[in-house]
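So this one's run-v4.txt, compact mmCIF, C-alpha atoms:
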```txt
# COMPACT_ATOMS: atom_id res chain seq x y z
CA MET A 1 -54.62 84.75 -22.09
CA ASP A 2 -55.64 88.01 -20.42
CA ARG A 3 -55.34 88.62 -16.69
CA GLU A 4 -59.09 88.31 -16.04
CA GLN A 5 -59.35 84.97 -17.77
CA GLN A 6 -56.24 83.78 -15.99
CA ARG A 7 -57.75 84.85 -12.68
CA LYS A 8 -60.95 82.89 -13.36
CA GLU A 9 -58.97 79.81 -14.32
CA ASP A 10 -56.89 80.08 -11.17
CA ASP A 11 -59.97 80.44 -8.99
CA ILE A 12 -61.39 77.21 -10.40
CA LEU A 13 -58.11 75.36 -9.82
CA VAL A 14 -57.77 76.76 -6.30
CA ARG A 15 -61.35 75.81 -5.42
CA ARG A 16 -60.78 72.24 -6.62
CA ALA A 17 -57.44 72.04 -4.83
CA LYS A 18 -59.13 73.22 -1.62
CA GLU A 19 -61.62 70.38 -2.03
CA GLY A 20 -58.67 67.99 -2.06
CA ASP A 21 -58.07 67.63 -5.80
CA TYR A 22 -54.35 66.88 -5.97
CA LYS A 23 -54.23 67.23 -9.77
CA SER A 24 -55.61 70.77 -9.65
CA PHE A 25 -52.87 71.77 -7.25
CA GLU A 26 -50.31 70.16 -9.55
CA ALA A 27 -51.72 72.23 -12.43
CA LEU A 28 -51.15 75.40 -10.38
CA VAL A 29 -47.58 74.35 -9.60
CA GLN A 30 -46.89 73.66 -13.28
CA LYS A 31 -48.39 76.97 -14.30
CA TYR A 32 -46.43 79.16 -11.90
CA HIS A 33 -43.26 77.20 -11.16
CA ARG A 34 -41.10 78.93 -13.75
CA GLN A 35 -42.16 82.42 -12.70
CA ILE A 36 -41.67 81.65 -9.02
CA VAL A 37 -38.19 80.19 -9.58
CA ASN A 38 -37.19 83.32 -11.48
CA VAL A 39 -38.68 85.74 -8.96
CA SER A 40 -36.86 83.84 -6.20
CA TYR A 41 -33.66 83.92 -8.21
CA LEU A 42 -33.90 87.67 -8.77
CA ILE A 43 -34.49 88.25 -5.07
CA MET A 44 -31.91 85.79 -3.77
CA GLY A 45 -29.32 85.94 -6.56
CA ASN A 46 -28.55 82.24 -6.23
CA ARG A 47 -30.08 79.47 -8.31
CA GLU A 48 -29.90 76.66 -5.76
CA ALA A 49 -31.36 78.83 -3.01
CA ALA A 50 -34.09 79.96 -5.41
CA GLU A 51 -35.09 76.35 -6.15
CA ASP A 52 -35.24 75.53 -2.44
CA ALA A 53 -37.29 78.64 -1.76
CA THR A 54 -39.67 77.75 -4.60
CA GLN A 55 -40.30 74.34 -3.08
CA GLU A 56 -40.96 75.94 0.29
CA VAL A 57 -43.34 78.46 -1.28
CA PHE A 58 -45.52 75.79 -2.90
CA ILE A 59 -45.67 73.73 0.29
CA LYS A 60 -46.68 76.86 2.21
CA VAL A 61 -49.29 77.61 -0.44
CA TYR A 62 -50.69 74.09 -0.09
CA ASN A 63 -50.85 74.35 3.68
CA LYS A 64 -52.42 77.80 3.63
CA LEU A 65 -54.77 77.27 0.70
CA SER A 66 -57.78 77.33 3.02
CA LEU A 67 -56.78 80.88 4.05
CA TYR A 68 -56.74 82.16 0.48
CA SER A 69 -59.66 84.43 -0.35
CA PRO A 70 -60.57 85.09 -4.01
CA ASP A 71 -60.86 88.82 -3.20
CA THR A 72 -57.24 89.13 -4.29
CA SER A 73 -55.85 87.34 -7.32
CA PHE A 74 -54.12 84.02 -6.73
CA PHE A 75 -50.89 85.14 -8.40
CA SER A 76 -50.69 88.27 -6.24
CA TRP A 77 -51.10 86.07 -3.18
CA LEU A 78 -48.50 83.65 -4.54
CA TYR A 79 -45.99 86.41 -5.27
CA ARG A 80 -46.51 87.93 -1.84
CA MET A 81 -45.76 84.55 -0.31
CA THR A 82 -42.72 84.09 -2.56
CA ILE A 83 -41.27 87.45 -1.61
CA ASN A 84 -41.82 86.81 2.11
CA THR A 85 -40.29 83.34 1.89
CA CYS A 86 -37.24 84.61 0.03
CA ILE A 87 -36.70 87.47 2.46
CA ASP A 88 -37.02 85.05 5.40
CA GLU A 89 -34.58 82.68 3.74
CA ILE A 90 -32.07 85.47 3.17
CA ARG A 91 -32.40 86.48 6.79
CA LYS A 92 -31.94 82.89 7.90
CA ARG A 93 -28.88 82.24 5.84
CA LYS A 94 -27.52 85.72 6.30
CA MET A 95 -27.08 85.64 2.58
CA GLN A 96 -27.06 89.36 2.15
CA LYS A 97 -23.91 89.55 4.22
CA LEU A 98 -22.30 86.68 2.35
CA ILE A 99 -23.18 88.17 -1.01
CA SER A 100 -21.63 91.48 0.00
CA LEU A 101 -18.49 89.72 1.14
CA ASP A 102 -18.40 87.72 -2.09
CA PHE A 103 -18.72 90.93 -3.96
CA LEU A 104 -15.84 92.50 -2.08
CA THR A 105 -13.66 89.51 -2.88
CA GLU A 106 -14.67 89.78 -6.53
CA GLU A 107 -16.00 86.23 -6.56
CA GLY A 108 -19.62 87.03 -7.23
CA VAL A 109 -22.78 85.37 -6.01
CA GLU A 110 -22.96 82.48 -8.43
CA SER A 111 -21.10 81.02 -11.32
CA LEU A 112 -22.53 82.03 -14.66
CA GLU A 113 -24.95 79.79 -16.49
CA TYR A 114 -22.31 78.87 -19.07
CA PRO A 115 -18.85 77.42 -18.31
CA ARG A 116 -16.39 80.24 -17.71
CA GLU A 117 -13.84 78.62 -20.01
CA ARG A 118 -16.14 78.76 -23.01
CA GLU A 119 -15.00 81.28 -25.55
CA LEU A 120 -17.59 83.92 -26.14
CA PRO A 121 -17.85 86.64 -28.72
CA SER A 122 -16.91 89.94 -27.12
CA THR A 123 -20.45 91.36 -27.37
CA GLU A 124 -21.96 88.26 -25.70
CA LEU A 125 -19.36 88.37 -22.95
CA HIS A 126 -20.03 92.04 -22.40
CA ASN A 127 -23.74 91.38 -22.24
CA ASP A 128 -23.35 88.55 -19.72
CA GLU A 129 -20.98 90.62 -17.62
CA LYS A 130 -23.57 93.38 -17.51
CA LYS A 131 -26.26 90.88 -16.57
CA GLU A 132 -24.15 89.58 -13.72
CA MET A 133 -23.37 93.13 -12.67
CA VAL A 134 -27.08 93.96 -12.47
CA ASN A 135 -27.65 90.71 -10.53
CA LYS A 136 -25.03 91.71 -7.96
CA ALA A 137 -26.37 95.24 -7.75
CA MET A 138 -29.90 93.89 -7.21
CA GLN A 139 -28.67 91.91 -4.19
CA MET A 140 -27.29 95.11 -2.73
CA LEU A 141 -30.65 96.87 -2.88
CA SER A 142 -32.82 97.11 0.20
CA LYS A 143 -35.58 94.47 0.55
CA GLU A 144 -38.38 96.94 -0.30
CA HIS A 145 -36.65 98.23 -3.38
CA ARG A 146 -35.69 94.80 -4.62
CA GLU A 147 -39.19 93.35 -4.36
CA VAL A 148 -40.80 96.31 -6.06
CA LEU A 149 -38.31 96.19 -8.95
CA VAL A 150 -38.81 92.46 -9.44
CA LEU A 151 -42.58 92.90 -9.60
CA ARG A 152 -42.31 95.82 -12.01
CA GLU A 153 -39.42 94.83 -14.27
CA TYR A 154 -39.67 91.04 -14.32
CA VAL A 155 -43.28 90.15 -13.50
CA ASN A 156 -44.34 93.20 -15.51
CA TYR A 157 -47.00 94.21 -13.04
CA GLY A 158 -48.71 97.58 -13.30
CA TYR A 159 -48.73 99.95 -10.33
CA ASN A 160 -52.22 98.81 -9.26
CA GLU A 161 -51.23 95.15 -9.20
CA ILE A 162 -48.03 95.92 -7.28
CA ALA A 163 -50.08 97.92 -4.78
CA GLU A 164 -52.46 94.98 -4.36
CA THR A 165 -49.62 92.50 -3.96
CA LEU A 166 -47.65 94.55 -1.47
CA GLY A 167 -50.64 96.02 0.33
CA ILE A 168 -49.56 99.64 -0.20
CA SER A 169 -51.03 102.61 -2.07
CA VAL A 170 -50.42 103.25 -5.77
CA GLN A 171 -48.71 106.53 -4.87
CA ALA A 172 -46.35 104.63 -2.55
CA VAL A 173 -45.61 102.16 -5.36
CA LYS A 174 -44.78 105.00 -7.75
CA SER A 175 -42.44 106.61 -5.28
CA ARG A 176 -40.84 103.31 -4.23
CA ILE A 177 -40.13 102.30 -7.84
CA PHE A 178 -38.47 105.63 -8.50
CA ARG A 179 -36.32 105.35 -5.36
CA ALA A 180 -35.43 101.74 -6.22
CA ARG A 181 -34.24 102.80 -9.69
CA ALA A 182 -32.29 105.67 -8.25
CA GLU A 183 -30.65 103.37 -5.66
CA LEU A 184 -29.80 100.78 -8.31
CA ARG A 185 -28.26 103.46 -10.50
CA THR A 186 -26.20 104.76 -7.57
CA ILE A 187 -24.94 101.24 -6.79
CA LEU A 188 -24.03 100.60 -10.41
CA LEU A 189 -22.17 103.91 -10.64
CA LYS A 190 -20.40 103.41 -7.33
CA HIS A 191 -19.32 99.79 -7.72
CA PHE A 192 -19.28 99.14 -11.45
CA LYS A 193 -18.28 102.48 -12.91
CA ASP A 194 -15.31 100.97 -14.74
CA GLU A 195 -17.39 98.22 -16.29
CA LEU A 196 -20.22 100.46 -17.45
CA MET B 1 -26.91 113.84 -4.15
CA LYS B 2 -29.41 116.35 -5.47
CA ARG B 3 -31.63 114.96 -8.18
CA CYS B 4 -33.75 116.62 -10.83
CA LYS B 5 -37.28 117.04 -9.49
CA TYR B 6 -38.73 115.55 -12.68
CA GLN B 7 -37.09 112.14 -12.17
CA PRO B 8 -40.10 110.51 -10.41
CA LEU B 9 -42.22 111.59 -13.37
CA VAL B 10 -39.66 110.24 -15.83
CA SER B 11 -39.67 106.95 -13.92
CA ALA B 12 -43.48 106.76 -14.20
CA LEU B 13 -43.22 107.59 -17.90
CA LEU B 14 -40.98 104.56 -18.40
CA ASP B 15 -43.75 102.43 -16.86
CA ASP B 16 -46.44 104.12 -18.92
CA GLU B 17 -48.19 105.08 -15.68
CA VAL B 18 -48.76 108.77 -16.42
CA SER B 19 -51.78 110.83 -17.40
CA VAL B 20 -51.91 112.51 -20.83
CA GLN B 21 -50.93 115.82 -19.27
CA GLU B 22 -48.05 114.30 -17.30
CA ARG B 23 -46.79 112.58 -20.44
CA VAL B 24 -46.53 115.88 -22.29
CA VAL B 25 -44.63 117.48 -19.40
CA ALA B 26 -42.31 114.48 -18.94
CA GLU B 27 -41.49 114.11 -22.63
CA GLU B 28 -40.79 117.82 -23.04
CA HIS B 29 -38.53 117.79 -20.00
CA LEU B 30 -36.73 114.67 -21.15
CA GLN B 31 -35.69 116.37 -24.37
CA ARG B 32 -33.73 119.06 -22.58
CA CYS B 33 -32.48 117.43 -19.31
CA VAL B 34 -29.31 115.35 -19.68
CA GLU B 35 -29.52 113.99 -16.13
CA CYS B 36 -33.06 112.67 -16.72
CA GLN B 37 -32.01 111.25 -20.09
CA GLN B 38 -29.27 109.27 -18.33
CA PHE B 39 -31.67 108.14 -15.61
CA PHE B 40 -34.16 107.00 -18.26
CA SER B 41 -31.59 105.13 -20.30
CA VAL B 42 -30.00 103.34 -17.28
CA ALA B 43 -33.45 102.35 -16.04
CA GLN B 44 -34.34 101.01 -19.47
CA GLU B 45 -31.15 99.01 -19.70
CA THR B 46 -31.43 97.54 -16.21
CA ARG B 47 -35.02 96.53 -16.99
CA ALA B 48 -33.77 94.59 -20.01
CA LYS B 49 -31.04 92.94 -17.94
CA ILE B 50 -33.45 91.99 -15.14
CA GLN B 51 -35.72 90.38 -17.73
CA GLU B 52 -32.75 88.50 -19.18
CA LEU B 53 -31.72 87.34 -15.71
CA GLY B 54 -35.11 85.80 -15.07
CA THR B 55 -34.85 83.13 -17.72
CA LEU B 56 -34.34 80.02 -15.61
CA GLU B 57 -36.34 77.13 -17.00
CA SER B 58 -38.71 75.04 -14.98
CA GLU B 59 -37.52 71.44 -14.81
CA PRO B 60 -40.03 68.56 -14.50
CA SER B 61 -37.86 66.97 -11.78
CA GLN B 62 -38.30 70.08 -9.60
CA ILE B 63 -42.08 69.97 -10.01
CA ARG B 64 -42.05 66.25 -9.18
CA ARG B 65 -40.02 66.97 -6.04
CA ILE B 66 -42.52 69.62 -4.94
CA MET B 67 -45.50 67.37 -5.58
CA ASP B 68 -43.86 64.50 -3.67
CA GLU B 69 -43.32 66.84 -0.75
CA VAL B 70 -46.94 68.07 -0.96
CA TRP B 71 -48.10 64.44 -1.01
CA ASN B 72 -46.10 63.75 2.17
CA VAL B 73 -47.61 66.80 3.84
CA ARG B 74 -51.07 65.59 2.74
CA GLN B 75 -50.48 62.22 4.42
CA GLU B 76 -49.82 64.00 7.68
CA TYR B 77 -53.28 65.53 7.61
CA PHE B 78 -56.55 64.14 8.92
CA ALA B 79 -59.43 65.20 6.67
CA TRP B 80 -63.09 65.20 7.57
CA GLN B 81 -65.65 66.89 5.35
CA ARG B 82 -63.69 70.00 4.27
CA ILE B 83 -61.86 70.36 7.54
CA GLU B 84 -58.25 69.33 7.51
CA ILE B 85 -56.09 69.27 10.61
CA PRO B 86 -52.57 67.92 11.10
CA LEU B 87 -52.61 64.24 12.02
CA LYS B 88 -50.68 64.93 15.24
CA HIS B 89 -53.37 67.36 16.37
CA ALA B 90 -56.09 64.87 15.44
CA VAL B 91 -54.42 62.20 17.61
CA VAL B 92 -54.16 64.62 20.56
CA VAL B 93 -57.84 65.64 20.22
CA LEU B 94 -58.95 62.00 19.97
CA THR B 95 -56.88 61.01 23.03
CA LEU B 96 -58.36 63.89 25.04
CA PHE B 97 -61.84 62.82 23.98
CA VAL B 98 -61.23 59.22 25.09
CA VAL B 99 -59.77 60.40 28.43
CA MET B 100 -62.80 62.64 28.95
CA VAL B 101 -65.27 59.80 28.28
CA ILE B 102 -63.41 57.45 30.65
CA SER B 103 -63.30 60.16 33.34
CA LEU B 104 -67.05 60.72 33.06
CA PHE B 105 -67.62 57.00 33.37
CA LEU B 106 -65.41 56.80 36.45
CA VAL B 107 -67.13 59.77 38.08
CA ASN B 108 -70.48 57.98 37.82
CA GLU B 109 -69.03 54.68 38.95
CA PRO B 110 -69.14 55.22 42.82
CA GLN B 111 -72.97 55.35 42.65
CA THR B 112 -73.11 51.67 41.82
CA ASN B 113 -70.19 50.56 43.98
CA ARG B 114 -71.09 52.45 47.09
CA THR B 115 -68.96 51.34 50.01
CA GLU B 116 -68.27 54.57 51.77
CA ARG B 117 -70.23 55.42 54.84
CA PRO B 118 -70.94 58.89 56.18
CA LEU B 119 -68.38 60.20 58.61
CA VAL B 120 -71.02 61.09 61.18
CA ALA B 121 -72.27 58.28 63.34
CA ILE B 122 -75.72 57.25 62.17
CA SER B 123 -77.54 53.98 62.40
CA ASP B 124 -77.80 51.47 59.55
CA SER B 125 -81.49 52.25 59.14
CA THR B 126 -80.92 56.01 58.80
CA PHE B 127 -78.16 55.37 56.35
CA SER B 128 -80.50 53.23 54.25
CA VAL B 129 -83.26 55.84 54.31
CA ILE B 130 -80.79 58.47 53.20
CA SER B 131 -79.73 56.13 50.46
CA ILE B 132 -83.32 55.79 49.23
CA LEU B 133 -83.82 59.56 49.35
CA THR B 134 -80.65 60.23 47.42
CA HIS B 135 -81.43 57.38 44.97
CA ASP B 136 -78.20 55.75 46.01
CA ILE B 137 -79.91 52.45 46.64
CA SER B 138 -79.76 48.76 45.91
CA ASN B 139 -82.34 45.98 46.36
CA GLN B 140 -80.64 44.98 49.59
CA ASP B 141 -80.96 48.51 50.91
CA ILE B 142 -84.68 48.61 50.12
CA ALA B 143 -85.25 45.27 51.84
CA TYR B 144 -83.29 46.41 54.87
CA ALA B 145 -85.11 49.72 55.02
CA ALA B 146 -88.47 47.95 54.76
CA MET B 147 -87.49 45.58 57.57
CA MET B 148 -86.38 48.40 59.86
CA SER B 149 -89.50 50.45 59.24
CA SER B 150 -91.71 47.46 60.08
CA LYS B 151 -89.96 47.18 63.43
```

Starting from the coordinates I provided, produce the structure as structure tokens.
Amino acid sequence: MDREQQRKEDDILVRRAKEGDYKSFEALVQKYHRQIVNVSYLIMGNREAAEDATQEVFIKVYNKLSLYSPDTSFFSWLYRMTINTCIDEIRKRKMQKLISLDFLTEEGVESLEYPRERELPSTELHNDEKKEMVNKAMQMLSKEHREVLVLREYVNYGYNEIAETLGISVQAVKSRIFRARAELRTILLKHFKDEL
Amino acid sequence: MKRCKYQPLVSALLDDEVSVQERVVAEEHLQRCVECQQFFSVAQETRAKIQELGTLESEPSQIRRIMDEVWNVRQEYFAWQRIEIPLKHAVVVLTLFVVMVISLFLVNEPQTNRTERPLVAISDSTFSVISILTHDISNQDIAYAAMMSSK
């Protein structure tokens, strides 16, 4: 389904949800839940926190649905709200600090998806280690750089869509993405040089 | 750390957000700059890893939990036409409205239960005439006023 068609479908669901159709809102939740959990996870670096944030996002969306204007796409509005909620949550829990401390003690932000005891082929282990390394490095990025990288690399948004979502110019997006990549590279070289 | 000035362009090339002319310049530069080649390859690899990281699956129980929570929020709202306000606010507004109606009623009440007399010393007949003029009258007042005027 292309973006335009998706946008039209969303507008219909949002309009019905605004009129009080509970099922239409449920359809929106089902459609975007997976993406929102993953965006939250990439921003927060912790699965449990990401699930809590996702729940909060959808409740906020429900409460603020009357404020949504179809001038911007629903998913841009949703992502904006997700990013804001995650950043607020991080601030509340002082997670950034905890993550940094975890990193210093070599314990990491979260246990891996698979049991640590499981024997893995060396290539798979290497791959998962790298994944975890990137996850940790992402948490060390500044808020602006992290959100822009998530939108570009995970959500696969183009510069125009990122600009619309973040409310900045396309030129600013271009420059911010470059600086985010440069910062991520510096972090990886500084903290994970041996593992690279 | 000093970086190659072409790196922002190389970054845009990775995102396919360059003009035809910029693409030619970026690709030519990339062939001869080792630093930009490294930047490009690290950025490509981290992109792949970020995409791999975002593979959490959506569980039906989580969606159920969200919808239950939304349902609870919905119950706390008072809806009329397309206007929805929190139930607490609706109760406050309704209470204020009731208090206002009662107050208005009480303000009008002294007109029918007039017992107060003017502070200045005036006769009963004058008082009754004033009452007629100010419409603050009763049948008894009219009878009394009529009697006094006939005297």

Sort by chain and increasing residue number a table of all residues of chain B within 9 Å of chain A, each with its closest pair of atoms and their distance in Å to one decimal, counting only C-alpha atoms, and write it as a tab-separated table.
```
residue	atom	partner	partner_atom	distance
B:Gln7	CA	A:Phe178	CA	7.6
B:Pro8	CA	A:Phe178	CA	5.5
B:Leu9	CA	A:Phe178	CA	8.6
B:Val10	CA	A:Phe178	CA	8.7
B:Ser11	CA	A:Phe178	CA	5.7
B:Ala12	CA	A:Lys174	CA	6.8
B:Asp15	CA	A:Gly158	CA	7.8
B:Asp16	CA	A:Gly158	CA	8.9
B:Glu17	CA	A:Tyr159	CA	7.4
B:Phe39	CA	A:Arg185	CA	7.7
B:Val42	CA	A:Arg185	CA	7.0
B:Ala43	CA	A:Arg181	CA	6.4
B:Thr46	CA	A:Val134	CA	6.8
B:Arg47	CA	A:Glu153	CA	5.4
B:Ala48	CA	A:Glu153	CA	8.1
B:Lys49	CA	A:Lys131	CA	5.4
B:Ile50	CA	A:Tyr154	CA	6.3
B:Gln51	CA	A:Tyr154	CA	5.3
B:Glu52	CA	A:Lys131	CA	7.4
B:Leu53	CA	A:Lys131	CA	6.6
B:Gly54	CA	A:Asn38	CA	4.8
B:Thr55	CA	A:Asn38	CA	6.7
B:Leu56	CA	A:Asn38	CA	6.0
B:Glu57	CA	A:Arg34	CA	6.0
B:Ser58	CA	A:Arg34	CA	4.7
B:Glu59	CA	A:Arg34	CA	8.4
B:Pro60	CA	A:Gln30	CA	8.6
B:Gln62	CA	A:Glu51	CA	7.8
B:Ile63	CA	A:Gln30	CA	6.9
B:Arg65	CA	A:Gln55	CA	7.9
B:Ile66	CA	A:Gln55	CA	5.5
B:Met67	CA	A:Glu26	CA	6.8
B:Glu69	CA	A:Ile59	CA	7.4
B:Val70	CA	A:Ile59	CA	5.9
B:Trp71	CA	A:Tyr22	CA	8.3
B:Val73	CA	A:Ile59	CA	8.0
B:Arg74	CA	A:Asn63	CA	8.8
B:Arg82	CA	A:Glu19	CA	6.6
```

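Minimum atom-to-atom distance to Glu144 of chain A, evaluated using only C-alpha atoms, belongs to A:Glu183 out of A:Glu164, A:Glu183, A:Glu129, A:Glu4.
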
In Å, how far is it from atom CA of Val170 of chain A to atom CA of Ala26 of chain B?
19.1 Å

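Using all atoms listed in the file, the smallest distance between any of A:Pro70, A:Glu48, A:Glu161, A:Gln171 and Lys8 of chain A comes from A:Pro70.
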
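Across the structure, atom CA of Ala53 of chain A and atom CA of Gly167 of chain A are spaced 22.0 Å apart.
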
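If all atoms listed in the file are the atoms counted, then among A:Asn46, A:Ser76, A:Ser69, A:Gln6 the closest residue to Glu89 of chain A is A:Asn46.
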
How many Å separate atom CA of Leu65 of chain A from atom CA of His89 of chain B?
18.6 Å

Export C-alpha atoms of segment 14-81 of chain B from the structure just given, as a PDB file, in the first residue's frame?
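The resulting file, part_8.pdb, is shown below:
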```pdb
ATOM      1  CA  LEU B  14      23.273   6.978   1.317  1.00  0.00           C
ATOM      2  CA  ASP B  15      19.684   8.214   1.726  1.00  0.00           C
ATOM      3  CA  ASP B  16      19.265   8.777  -1.996  1.00  0.00           C
ATOM      4  CA  GLU B  17      18.439  12.418  -1.263  1.00  0.00           C
ATOM      5  CA  VAL B  18      20.782  14.038  -3.788  1.00  0.00           C
ATOM      6  CA  SER B  19      20.297  15.725  -7.137  1.00  0.00           C
ATOM      7  CA  VAL B  20      21.752  14.146 -10.293  1.00  0.00           C
ATOM      8  CA  GLN B  21      24.661  16.575 -10.197  1.00  0.00           C
ATOM      9  CA  GLU B  22      25.341  15.957  -6.502  1.00  0.00           C
ATOM     10  CA  ARG B  23      25.275  12.207  -7.095  1.00  0.00           C
ATOM     11  CA  VAL B  24      28.019  12.447  -9.707  1.00  0.00           C
ATOM     12  CA  VAL B  25      30.191  14.558  -7.390  1.00  0.00           C
ATOM     13  CA  ALA B  26      29.567  12.316  -4.359  1.00  0.00           C
ATOM     14  CA  GLU B  27      30.224   9.063  -6.204  1.00  0.00           C
ATOM     15  CA  GLU B  28      33.421  10.379  -7.778  1.00  0.00           C
ATOM     16  CA  HIS B  29      34.654  11.595  -4.401  1.00  0.00           C
ATOM     17  CA  LEU B  30      33.748   8.330  -2.708  1.00  0.00           C
ATOM     18  CA  GLN B  31      36.001   6.406  -5.053  1.00  0.00           C
ATOM     19  CA  ARG B  32      39.116   8.248  -3.943  1.00  0.00           C
ATOM     20  CA  CYS B  33      38.471   9.242  -0.273  1.00  0.00           C
ATOM     21  CA  VAL B  34      39.183   6.489   2.271  1.00  0.00           C
ATOM     22  CA  GLU B  35      37.702   8.476   5.161  1.00  0.00           C
ATOM     23  CA  CYS B  36      34.385   8.919   3.322  1.00  0.00           C
ATOM     24  CA  GLN B  37      34.415   5.253   2.308  1.00  0.00           C
ATOM     25  CA  GLN B  38      34.690   4.301   5.990  1.00  0.00           C
ATOM     26  CA  PHE B  39      31.962   6.769   6.950  1.00  0.00           C
ATOM     27  CA  PHE B  40      29.691   5.338   4.247  1.00  0.00           C
ATOM     28  CA  SER B  41      30.307   1.733   5.212  1.00  0.00           C
ATOM     29  CA  VAL B  42      29.806   2.314   8.992  1.00  0.00           C
ATOM     30  CA  ALA B  43      26.600   4.235   8.281  1.00  0.00           C
ATOM     31  CA  GLN B  44      25.364   1.417   6.063  1.00  0.00           C
ATOM     32  CA  GLU B  45      26.128  -1.198   8.673  1.00  0.00           C
ATOM     33  CA  THR B  46      24.533   0.723  11.542  1.00  0.00           C
ATOM     34  CA  ARG B  47      21.422   1.206   9.401  1.00  0.00           C
ATOM     35  CA  ALA B  48      21.173  -2.565   8.973  1.00  0.00           C
ATOM     36  CA  LYS B  49      21.661  -3.112  12.707  1.00  0.00           C
ATOM     37  CA  ILE B  50      19.038  -0.494  13.633  1.00  0.00           C
ATOM     38  CA  GLN B  51      16.575  -2.219  11.309  1.00  0.00           C
ATOM     39  CA  GLU B  52      17.399  -5.571  12.912  1.00  0.00           C
ATOM     40  CA  LEU B  53      16.924  -4.086  16.382  1.00  0.00           C
ATOM     41  CA  GLY B  54      13.429  -2.917  15.553  1.00  0.00           C
ATOM     42  CA  THR B  55      11.943  -6.361  15.141  1.00  0.00           C
ATOM     43  CA  LEU B  56       9.841  -6.654  18.284  1.00  0.00           C
ATOM     44  CA  GLU B  57       6.528  -8.290  17.517  1.00  0.00           C
ATOM     45  CA  SER B  58       3.195  -6.854  18.456  1.00  0.00           C
ATOM     46  CA  GLU B  59       1.392  -9.126  20.913  1.00  0.00           C
ATOM     47  CA  PRO B  60      -2.436  -9.280  20.988  1.00  0.00           C
ATOM     48  CA  SER B  61      -2.367  -9.078  24.809  1.00  0.00           C
ATOM     49  CA  GLN B  62      -0.638  -5.668  24.593  1.00  0.00           C
ATOM     50  CA  ILE B  63      -3.261  -4.364  22.179  1.00  0.00           C
ATOM     51  CA  ARG B  64      -6.014  -5.700  24.467  1.00  0.00           C
ATOM     52  CA  ARG B  65      -4.407  -3.926  27.424  1.00  0.00           C
ATOM     53  CA  ILE B  66      -4.319  -0.637  25.505  1.00  0.00           C
ATOM     54  CA  MET B  67      -7.929  -0.958  24.378  1.00  0.00           C
ATOM     55  CA  ASP B  68      -9.056  -1.772  27.930  1.00  0.00           C
ATOM     56  CA  GLU B  69      -7.291   1.339  29.135  1.00  0.00           C
ATOM     57  CA  VAL B  70      -8.865   3.417  26.340  1.00  0.00           C
ATOM     58  CA  TRP B  71     -12.273   2.010  27.290  1.00  0.00           C
ATOM     59  CA  ASN B  72     -11.706   3.094  30.911  1.00  0.00           C
ATOM     60  CA  VAL B  73     -10.716   6.568  29.764  1.00  0.00           C
ATOM     61  CA  ARG B  74     -13.849   6.660  27.579  1.00  0.00           C
ATOM     62  CA  GLN B  75     -16.045   5.878  30.589  1.00  0.00           C
ATOM     63  CA  GLU B  76     -14.621   8.898  32.358  1.00  0.00           C
ATOM     64  CA  TYR B  77     -15.887  11.167  29.606  1.00  0.00           C
ATOM     65  CA  PHE B  78     -19.263  12.844  29.228  1.00  0.00           C
ATOM     66  CA  ALA B  79     -20.242  13.027  25.562  1.00  0.00           C
ATOM     67  CA  TRP B  80     -22.842  15.293  24.046  1.00  0.00           C
ATOM     68  CA  GLN B  81     -23.158  15.673  20.292  1.00  0.00           C
TER      69      GLN B  81
END
```
